[in-house]
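A.B. asks: First, the structure itself, so that you have it in front of you.
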Amino acid sequence: MKTVKLLIMLVVFCSTGMTMAQTRPGIKVGLNSSNISNTALDTKSGIYIGAFADISLTDYYSLQPEILYSNQGGKSNSDAYGDVNINYISIGIPNKFYVSPDKGFHFILGLGLDINFDNNFVNLTNFNVDDEISPLDVVVFGGIGYEFDFGLILEARYKQGTISVDFFGEDDYYEEAGSNLNGVFQIGAAYKFKL
């Protein structure tokens with residue numbers, strides 16, 4: 001019985017804390033500069049776009065769950081192979097740590113899950129694969145940003161995948177099977193709406 005009472009008190013406390021927190025929705029858009037490690041691919045440009053909810057828990061800390069579309073992959077430097085395009089739905093939980101209570105400059109640390117919903121691997125010249133790629137990637141990311149009083153946010157992040165894309169075996173072009181990790185530098189802007 002004491003356990004039930006404790007759980008109820010914990011749920012009430014958490015619910016009260018979340019309702020007291022200021023939550024503001026927003027949208028974001030930016031550019032990706034992506035590559036896949038241990039390949040001969042060059043860096044590829046892409047975009048990301050999506051929405052988030054900024055949950056301000058203290059003057060110095062916000063939680064910002066987000067869902068984004070992110071175009072990643074690598075650019076081919078050979079006529080024998082095409083560019084690698086991977087389209088992800090990215091679900092992330094950035095933690096924002098502000099330097100001062102009036103927001104402004106902040107650091108970002110977070111974890112995310114990238115869901116591969118579309119890619120061009122089966123269309124690449126000389127390859128016939130359709131089931132050798134990872135449908136998911138668990139990512140860690142960090143960065144810096146600046147938030148203006150009127151809601152505009154500018155951010156730069158680096159996102160590192162932890163699960164090998166594993167789309168090809170070892171050969172002359174893809175240097176090492178089993179460790180082909182996504183790496184993405186992101187720069188963009190967001191706008192946080194006032195409710």
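FYI, nothing fancy with the structure tokens labels: chains A, B, ... in order, residues from 1 per chain, ligands from 1 as they appear.
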Might you pull out every residue within 6 Å of A:Ser70, with only C-alpha atoms counted and same-chain residues fewer than 5 positions away left off, and present them as JSON, numbers by chain?

C.D. replies: {"A": [48, 87, 88]}

A.B. asks: Go ahead and dump the residues you just picked, N, CA and C atoms, as a CSV table (one decimal), in the first residue's frame.

C.D. replies:
chain,number,residue,atom,x,y,z
A,48,TYR,N,17.5,19.6,-43.3
A,48,TYR,CA,16.6,19.1,-42.3
A,48,TYR,C,15.5,20.1,-42.0
A,87,ASN,N,17.2,9.1,-46.3
A,87,ASN,CA,16.2,10.0,-45.7
A,87,ASN,C,15.8,9.4,-44.4
A,88,TYR,N,15.9,10.2,-43.4
A,88,TYR,CA,15.6,9.8,-42.0
A,88,TYR,C,14.5,10.6,-41.4

A.B. asks: Might you pull out every residue within 7 Å of stretch 147-164 of chain A, with only C-alpha atoms counted and same-chain residues fewer than 2 positions away left off, and present them as a list in words?

C.D. replies: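 Skipping anything fewer than 2 positions along the chain leaves Lys103, Gly104, Phe105, Asp137, Val138, Val139, Val140, Phe141, Gly142, Gly143, Ile144, Gly145, Asp166, Gly178, Ser179, Asn180, Leu181, Asn182, Gly183, Val184, Phe185, Gln186, Ile187, Gly188, Ala189, Ala190, Tyr191, Lys192 and Phe193 of chain A.
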
A.B. asks: Take the residues from that selection and write them out as an mmCIF file, in the first residue's frame, keeping N, CA, C and O atoms.

C.D. replies:
data_model
loop_
_atom_site.group_PDB
_atom_site.id
_atom_site.type_symbol
_atom_site.label_atom_id
_atom_site.label_comp_id
_atom_site.auth_asym_id
_atom_site.auth_seq_id
_atom_site.Cartn_x
_atom_site.Cartn_y
_atom_site.Cartn_z
ATOM 1 N N LYS A 103 18.125 33.508 -21.133
ATOM 2 C CA LYS A 103 18.276 32.644 -22.302
ATOM 3 C C LYS A 103 19.513 33.073 -23.089
ATOM 4 O O LYS A 103 20.587 33.145 -22.542
ATOM 5 N N GLY A 104 19.396 33.378 -24.383
ATOM 6 C CA GLY A 104 20.567 33.766 -25.165
ATOM 7 C C GLY A 104 21.448 32.580 -25.508
ATOM 8 O O GLY A 104 20.977 31.559 -26.019
ATOM 9 N N PHE A 105 22.735 32.678 -25.217
ATOM 10 C CA PHE A 105 23.707 31.654 -25.584
ATOM 11 C C PHE A 105 23.451 30.362 -24.795
ATOM 12 O O PHE A 105 23.194 30.408 -23.591
ATOM 13 N N ASP A 137 19.167 4.181 -36.580
ATOM 14 C CA ASP A 137 20.448 4.647 -36.079
ATOM 15 C C ASP A 137 20.202 5.367 -34.763
ATOM 16 O O ASP A 137 19.307 6.209 -34.671
ATOM 17 N N VAL A 138 20.955 5.015 -33.756
ATOM 18 C CA VAL A 138 20.911 5.734 -32.477
ATOM 19 C C VAL A 138 22.013 6.782 -32.528
ATOM 20 O O VAL A 138 23.164 6.463 -32.820
ATOM 21 N N VAL A 139 21.654 8.031 -32.293
ATOM 22 C CA VAL A 139 22.600 9.127 -32.473
ATOM 23 C C VAL A 139 22.809 9.892 -31.177
ATOM 24 O O VAL A 139 21.930 9.939 -30.300
ATOM 25 N N VAL A 140 23.981 10.470 -31.059
ATOM 26 C CA VAL A 140 24.289 11.430 -30.002
ATOM 27 C C VAL A 140 24.668 12.734 -30.689
ATOM 28 O O VAL A 140 25.219 12.722 -31.794
ATOM 29 N N PHE A 141 24.339 13.844 -30.069
ATOM 30 C CA PHE A 141 24.665 15.119 -30.705
ATOM 31 C C PHE A 141 24.957 16.189 -29.661
ATOM 32 O O PHE A 141 24.559 16.087 -28.500
ATOM 33 N N GLY A 142 25.667 17.184 -30.113
ATOM 34 C CA GLY A 142 26.001 18.311 -29.264
ATOM 35 C C GLY A 142 26.225 19.545 -30.113
ATOM 36 O O GLY A 142 26.488 19.436 -31.317
ATOM 37 N N GLY A 143 26.104 20.710 -29.497
ATOM 38 C CA GLY A 143 26.305 21.927 -30.261
ATOM 39 C C GLY A 143 26.138 23.169 -29.405
ATOM 40 O O GLY A 143 26.087 23.110 -28.174
ATOM 41 N N ILE A 144 26.037 24.278 -30.109
ATOM 42 C CA ILE A 144 25.855 25.577 -29.463
ATOM 43 C C ILE A 144 24.751 26.329 -30.193
ATOM 44 O O ILE A 144 24.415 26.011 -31.334
ATOM 45 N N GLY A 145 24.205 27.326 -29.520
ATOM 46 C CA GLY A 145 23.161 28.121 -30.154
ATOM 47 C C GLY A 145 22.975 29.447 -29.463
ATOM 48 O O GLY A 145 23.553 29.709 -28.398
ATOM 49 N N ASP A 166 26.119 -0.173 -42.667
ATOM 50 C CA ASP A 166 26.327 -1.543 -43.162
ATOM 51 C C ASP A 166 25.605 -1.832 -44.459
ATOM 52 O O ASP A 166 24.919 -2.832 -44.596
ATOM 53 N N GLY A 178 31.079 -2.932 -41.624
ATOM 54 C CA GLY A 178 30.759 -3.035 -40.203
ATOM 55 C C GLY A 178 31.016 -1.797 -39.384
ATOM 56 O O GLY A 178 30.714 -1.777 -38.204
ATOM 57 N N SER A 179 31.577 -0.748 -39.972
ATOM 58 C CA SER A 179 31.823 0.468 -39.189
ATOM 59 C C SER A 179 31.560 1.718 -40.019
ATOM 60 O O SER A 179 32.274 2.692 -39.932
ATOM 61 N N ASN A 180 30.531 1.652 -40.838
ATOM 62 C CA ASN A 180 30.156 2.787 -41.686
ATOM 63 C C ASN A 180 29.136 3.642 -40.937
ATOM 64 O O ASN A 180 27.936 3.423 -41.025
ATOM 65 N N LEU A 181 29.628 4.627 -40.186
ATOM 66 C CA LEU A 181 28.778 5.426 -39.305
ATOM 67 C C LEU A 181 28.425 6.769 -39.919
ATOM 68 O O LEU A 181 29.256 7.414 -40.572
ATOM 69 N N ASN A 182 27.185 7.200 -39.683
ATOM 70 C CA ASN A 182 26.756 8.530 -40.100
ATOM 71 C C ASN A 182 27.437 9.595 -39.244
ATOM 72 O O ASN A 182 27.544 9.445 -38.027
ATOM 73 N N GLY A 183 27.856 10.672 -39.888
ATOM 74 C CA GLY A 183 28.345 11.852 -39.199
ATOM 75 C C GLY A 183 27.770 13.073 -39.894
ATOM 76 O O GLY A 183 27.872 13.188 -41.117
ATOM 77 N N VAL A 184 27.126 13.956 -39.151
ATOM 78 C CA VAL A 184 26.413 15.081 -39.765
ATOM 79 C C VAL A 184 26.683 16.371 -38.999
ATOM 80 O O VAL A 184 26.454 16.442 -37.786
ATOM 81 N N PHE A 185 27.167 17.383 -39.716
ATOM 82 C CA PHE A 185 27.247 18.736 -39.165
ATOM 83 C C PHE A 185 25.997 19.474 -39.605
ATOM 84 O O PHE A 185 25.653 19.473 -40.788
ATOM 85 N N GLN A 186 25.289 20.095 -38.668
ATOM 86 C CA GLN A 186 24.039 20.783 -38.958
ATOM 87 C C GLN A 186 24.123 22.244 -38.526
ATOM 88 O O GLN A 186 24.616 22.550 -37.452
ATOM 89 N N ILE A 187 23.630 23.105 -39.390
ATOM 90 C CA ILE A 187 23.531 24.524 -39.050
ATOM 91 C C ILE A 187 22.158 25.004 -39.521
ATOM 92 O O ILE A 187 21.728 24.675 -40.624
ATOM 93 N N GLY A 188 21.467 25.735 -38.645
ATOM 94 C CA GLY A 188 20.119 26.139 -39.045
ATOM 95 C C GLY A 188 19.503 27.150 -38.098
ATOM 96 O O GLY A 188 20.137 27.666 -37.183
ATOM 97 N N ALA A 189 18.218 27.380 -38.356
ATOM 98 C CA ALA A 189 17.451 28.354 -37.589
ATOM 99 C C ALA A 189 16.147 27.723 -37.138
ATOM 100 O O ALA A 189 15.629 26.795 -37.773
ATOM 101 N N ALA A 190 15.638 28.216 -36.041
ATOM 102 C CA ALA A 190 14.352 27.753 -35.501
ATOM 103 C C ALA A 190 13.578 28.965 -35.016
ATOM 104 O O ALA A 190 14.150 30.035 -34.765
ATOM 105 N N TYR A 191 12.264 28.773 -34.927
ATOM 106 C CA TYR A 191 11.430 29.837 -34.364
ATOM 107 C C TYR A 191 10.505 29.230 -33.326
ATOM 108 O O TYR A 191 9.814 28.245 -33.583
ATOM 109 N N LYS A 192 10.496 29.836 -32.141
ATOM 110 C CA LYS A 192 9.696 29.388 -31.009
ATOM 111 C C LYS A 192 8.486 30.317 -30.877
ATOM 112 O O LYS A 192 8.644 31.528 -30.676
ATOM 113 N N PHE A 193 7.292 29.753 -31.011
ATOM 114 C CA PHE A 193 6.077 30.555 -30.970
ATOM 115 C C PHE A 193 5.684 30.896 -29.539
ATOM 116 O O PHE A 193 5.904 30.119 -28.614
#

A.B. asks: Would you please work out which residue, of A:Pro65, A:Asn77, A:Ile108, A:Phe117, is nearest to A:Gly92 when using only C-alpha atoms?

C.D. replies: A:Pro65

A.B. asks: Can you tell me which residues surround stretch 52-60 of chain A at a distance of at most 7 Å, considering only C-alpha atoms, apart from same-chain residues fewer than 4 positions away, and format the answer as a list in words?

C.D. replies: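 So, after excluding close chain neighbours, the residues are Ala21, Gln22, Thr23, Arg24, Pro25, Gly26, Ile27, Gln64, Pro65, Glu66, Ile67, Phe97, Tyr98, Val99, Ser100 and Pro101 of chain A.
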
A.B. asks: Using only C-alpha atoms, find the one residue out of A:Leu136, A:Leu63, A:Asn85, A:Ser78 that sits nearest to A:Gly110.

C.D. replies: A:Leu63
